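Trainee: What follows is a single structure, and I will ask about it in a moment.
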Amino acid sequence: MPPVLAVLLIFLSYALGTFPSAILVARANGIDISTVGSGNPGASNVTRALGWRKGVWVYVLDALKAGLATGLGLGMGFDWAGTGRPLGYVCGVAAALGHMFPATRNFKGGKGVACGSGALIVLQPIIGIAAPIVWWLLSKMTGKAALGSILTVGSVPIGLVLTGRPAWEFGAMAGLCGLILVKHWRNFGRLIRREEPGLRR
């Protein structure tokens with residue numbers, strides 16, 4: 001694949017990531033999500049404000065935009081093995097960055113859990129399917145979406161090790177997971193102080 005087209009695909013992936021799923025779903029239900037709960041434009045905050053059904057919609061939309069970007073990278077990419085996997089990873093990360101740091105909203109976006117999940121489902125289907133199930137179970141058990149997110153995201157690199165993925169794939173996914181955890185730094189503080197808001201049942 002010509003380098004210019006690869007760069008354009010990466011920029012397209014970033015642009016896909018900026019699609020404001022949470023803002024649009026919340027607005028359709030009469031809420032400005034930036035003024036509710038944590039103010040974070042993501043699936044967890046929408047779930048807290050509007051319940052699980054609306055939260056699932058946001059999760060699916062956010063996962064789809066990263067999954068689409070990753071799939072385009074896999075389908076159109078080329079590398080020494082002919083698999084396109086490096087470009088798939090780059091496009092998935094670009095979409096997640098577009099979600100977390102959207103230029104269209106002063107680089108103030110979501111935390112990337114759903115986007116990372118969408119990319120993971122395309123790149124590592126077994127882990128990608130297991131991760132949202134684990135998140136849902138942990139979130140339901142604890143009533144804290146942030147705690148479910150932190151524990152699930154932290155376990156993803158371990159899953160790559162257990163499935164024997166190459167070191168570069170582990171490094172790429174571990175880097176994205178690390179960035180997602182950094183975006184949760186306020187949640188860490190609220191969890192320690194026992195001030196983290198719970199989910200609507």
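In the structure tokens, chains take letters A, B, ... by order of appearance, with residues numbered from 1 within each chain and ligands from 1 in the order shown.
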Tell me, as a count of residues only, which residues lie within 10 Å of range 154-156 of chain A, counting only C-alpha atoms; anything in the same chain fewer than 6 positions away does not count.
Mentor: 16
Trainee: Which residues of range 71-141 of chain A sit at most 7 Å from range 9-29 of chain A, using only C-alpha atoms? Give each one's shortest atom pair and distance in Å (one decimal place), in chain and ascending residue order, as CSV.
Mentor:
```
residue,atom,partner,partner_atom,distance
A:Cys91,CA,A:Ile10,CA,5.3
A:Ala94,CA,A:Tyr14,CA,4.8
A:Ala95,CA,A:Gly17,CA,4.1
A:Ala96,CA,A:Gly17,CA,5.9
A:Leu97,CA,A:Tyr14,CA,6.6
A:Gly98,CA,A:Gly17,CA,4.2
A:His99,CA,A:Gly17,CA,4.5
A:Pro102,CA,A:Thr18,CA,5.1
```
Trainee: List the neighbours of Leu176 in chain A out to 8 Å using only C-alpha atoms; skip same-chain residues closer than 4 positions along the sequence, and give me the result as an mmCIF file with N, CA, C and O atoms, in the first residue's frame.
Mentor:
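Listed below is the output, out_31.cif:
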```cif
data_model
loop_
_atom_site.group_PDB
_atom_site.id
_atom_site.type_symbol
_atom_site.label_atom_id
_atom_site.label_comp_id
_atom_site.auth_asym_id
_atom_site.auth_seq_id
_atom_site.Cartn_x
_atom_site.Cartn_y
_atom_site.Cartn_z
ATOM 1 N N VAL A 93 -5.742 2.322 16.899
ATOM 2 C CA VAL A 93 -5.256 3.287 17.886
ATOM 3 C C VAL A 93 -5.622 4.710 17.467
ATOM 4 O O VAL A 93 -6.014 5.531 18.296
ATOM 5 N N GLY A 116 -11.486 1.009 22.272
ATOM 6 C CA GLY A 116 -10.466 -0.032 22.386
ATOM 7 C C GLY A 116 -11.064 -1.414 22.248
ATOM 8 O O GLY A 116 -10.469 -2.311 21.635
ATOM 9 N N ALA A 172 1.896 -2.729 21.428
ATOM 10 C CA ALA A 172 0.928 -1.782 20.879
ATOM 11 C C ALA A 172 -0.341 -1.744 21.718
ATOM 12 O O ALA A 172 -0.849 -0.666 22.059
ATOM 13 N N ILE A 180 -5.569 4.461 28.159
ATOM 14 C CA ILE A 180 -6.953 4.423 28.641
ATOM 15 C C ILE A 180 -6.980 4.488 30.174
ATOM 16 O O ILE A 180 -7.808 5.193 30.758
#
```
Trainee: What is the distance, in Å and to one decimal place, between CA of Trp135 in chain A and CA of Arg53 in chain A?
Mentor: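 Distance between the two atoms: 15.6 Å.
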Trainee: Applying 7 Å and only C-alpha atoms, which residues near range 68-77 of chain A remain after dropping the ones on its own chain fewer than 2 positions away? List them as a list of chain:residue names.
Mentor: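 Contacts, with the query itself left out: A:Met1, A:Ser13, A:Leu64, A:Lys65, A:Ala66, A:Asp79, A:Gly84, A:Arg85, A:Leu87, A:Gly88, A:Tyr89, A:Cys91, A:Gly92, A:Ala95, A:Ala119, A:Val122.
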Trainee: Keeping N, CA, C and O atoms for every residue in the selection just given, could you write it to a file as a CSV table (one decimal), in the first residue's frame?
Mentor:
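Dumped everything to out14.csv:
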```csv
chain,number,residue,atom,x,y,z
A,1,MET,N,0.9,-1.2,0.0
A,1,MET,CA,0.0,0.0,0.0
A,1,MET,C,0.9,1.2,0.0
A,1,MET,O,1.8,1.4,0.8
A,13,SER,N,-9.2,7.2,10.0
A,13,SER,CA,-9.5,6.5,11.3
A,13,SER,C,-9.7,7.5,12.5
A,13,SER,O,-10.6,7.3,13.3
A,64,LEU,N,-18.1,0.3,17.1
A,64,LEU,CA,-18.2,0.2,15.7
A,64,LEU,C,-17.2,1.1,14.9
A,64,LEU,O,-16.6,0.7,13.9
A,65,LYS,N,-17.1,2.4,15.4
A,65,LYS,CA,-16.2,3.3,14.7
A,65,LYS,C,-14.7,2.8,14.8
A,65,LYS,O,-14.0,3.0,13.8
A,66,ALA,N,-14.3,2.3,15.9
A,66,ALA,CA,-12.9,1.8,16.0
A,66,ALA,C,-12.8,0.5,15.3
A,66,ALA,O,-11.8,0.2,14.6
A,79,ASP,N,2.2,-5.5,5.0
A,79,ASP,CA,3.5,-5.5,5.8
A,79,ASP,C,4.3,-6.7,5.3
A,79,ASP,O,4.0,-7.4,4.4
A,84,GLY,N,-1.3,-7.2,6.9
A,84,GLY,CA,-1.9,-5.9,7.2
A,84,GLY,C,-2.0,-5.6,8.6
A,84,GLY,O,-2.6,-4.6,9.0
A,85,ARG,N,-1.6,-6.5,9.5
A,85,ARG,CA,-1.8,-6.3,11.0
A,85,ARG,C,-1.2,-5.0,11.5
A,85,ARG,O,-1.9,-4.3,12.3
A,87,LEU,N,-0.8,-2.0,10.2
A,87,LEU,CA,-1.7,-0.9,9.8
A,87,LEU,C,-3.0,-1.0,10.5
A,87,LEU,O,-3.6,0.0,10.9
A,88,GLY,N,-3.5,-2.2,10.7
A,88,GLY,CA,-4.7,-2.4,11.5
A,88,GLY,C,-4.6,-1.9,12.9
A,88,GLY,O,-5.5,-1.2,13.4
A,89,TYR,N,-3.5,-2.2,13.5
A,89,TYR,CA,-3.3,-1.7,14.9
A,89,TYR,C,-3.2,-0.2,14.9
A,89,TYR,O,-3.8,0.5,15.7
A,91,CYS,N,-4.5,2.0,12.8
A,91,CYS,CA,-5.8,2.6,12.5
A,91,CYS,C,-6.7,2.5,13.7
A,91,CYS,O,-7.4,3.4,14.0
A,92,GLY,N,-6.6,1.3,14.4
A,92,GLY,CA,-7.4,1.2,15.6
A,92,GLY,C,-7.0,2.2,16.7
A,92,GLY,O,-7.9,2.8,17.4
A,95,ALA,N,-8.2,5.7,15.8
A,95,ALA,CA,-9.7,5.9,16.1
A,95,ALA,C,-9.9,6.1,17.5
A,95,ALA,O,-10.7,7.0,17.9
A,119,ALA,N,-11.7,-2.2,18.5
A,119,ALA,CA,-10.5,-2.5,17.8
A,119,ALA,C,-10.0,-3.9,18.2
A,119,ALA,O,-9.6,-4.7,17.4
A,122,VAL,N,-11.8,-6.9,16.5
A,122,VAL,CA,-11.3,-7.1,15.1
A,122,VAL,C,-9.9,-7.8,15.1
A,122,VAL,O,-9.6,-8.7,14.4
```
Trainee: Would you mind reading off the distance between CA of Gly55 in chain A and CA of His184 in chain A, one decimal, in Å?
Mentor: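 So the answer is 18.0 Å.
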Trainee: Need to verify the contact set: Val36 in chain A, 9 Å, only C-alpha atoms, exclusion of same-chain residues closer than 6 positions in sequence. Can you return it as a list in words?
Mentor: Asn45, Val46, Arg48 and Ala49 of chain A
Trainee: With all heavy atoms retained, export the selected residues as an mmCIF file, in the first residue's frame.
Mentor:
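To be explicit, this is the file written out as selection35.cif:
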```cif
data_model
loop_
_atom_site.group_PDB
_atom_site.id
_atom_site.type_symbol
_atom_site.label_atom_id
_atom_site.label_comp_id
_atom_site.auth_asym_id
_atom_site.auth_seq_id
_atom_site.Cartn_x
_atom_site.Cartn_y
_atom_site.Cartn_z
ATOM 1 N N ASN A 45 -20.876 7.005 31.371
ATOM 2 C CA ASN A 45 -21.590 8.172 31.892
ATOM 3 C C ASN A 45 -23.020 8.228 31.368
ATOM 4 O O ASN A 45 -23.947 8.623 32.084
ATOM 5 C CB ASN A 45 -20.845 9.461 31.540
ATOM 6 C CG ASN A 45 -21.236 10.612 32.442
ATOM 7 O OD1 ASN A 45 -21.538 10.429 33.625
ATOM 8 N ND2 ASN A 45 -21.245 11.813 31.895
ATOM 9 N N VAL A 46 -23.215 7.815 30.114
ATOM 10 C CA VAL A 46 -24.579 7.746 29.571
ATOM 11 C C VAL A 46 -25.385 6.690 30.323
ATOM 12 O O VAL A 46 -26.568 6.896 30.619
ATOM 13 C CB VAL A 46 -24.546 7.442 28.060
ATOM 14 C CG1 VAL A 46 -25.951 7.139 27.541
ATOM 15 C CG2 VAL A 46 -23.963 8.617 27.290
ATOM 16 N N ARG A 48 -24.981 5.838 33.461
ATOM 17 C CA ARG A 48 -25.336 6.431 34.754
ATOM 18 C C ARG A 48 -26.524 7.383 34.613
ATOM 19 O O ARG A 48 -27.401 7.429 35.467
ATOM 20 C CB ARG A 48 -24.148 7.215 35.325
ATOM 21 C CG ARG A 48 -22.958 6.382 35.707
ATOM 22 C CD ARG A 48 -21.938 7.220 36.465
ATOM 23 N NE ARG A 48 -20.636 6.563 36.498
ATOM 24 C CZ ARG A 48 -19.627 6.875 35.709
ATOM 25 N NH1 ARG A 48 -19.756 7.843 34.824
ATOM 26 N NH2 ARG A 48 -18.483 6.226 35.810
ATOM 27 N N ALA A 49 -26.551 8.150 33.526
ATOM 28 C CA ALA A 49 -27.574 9.179 33.362
ATOM 29 C C ALA A 49 -28.884 8.636 32.809
ATOM 30 O O ALA A 49 -29.969 9.082 33.214
ATOM 31 C CB ALA A 49 -27.048 10.288 32.444
#
```
Trainee: So, counting only C-alpha atoms, which residue among A:Pro125, A:Gly110, A:Gly30, A:Pro157 is closest to Gly42 in chain A?
Mentor: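 Ranking A:Pro125, A:Gly110, A:Gly30, A:Pro157 by distance to Gly42 in chain A, first place goes to A:Gly110.
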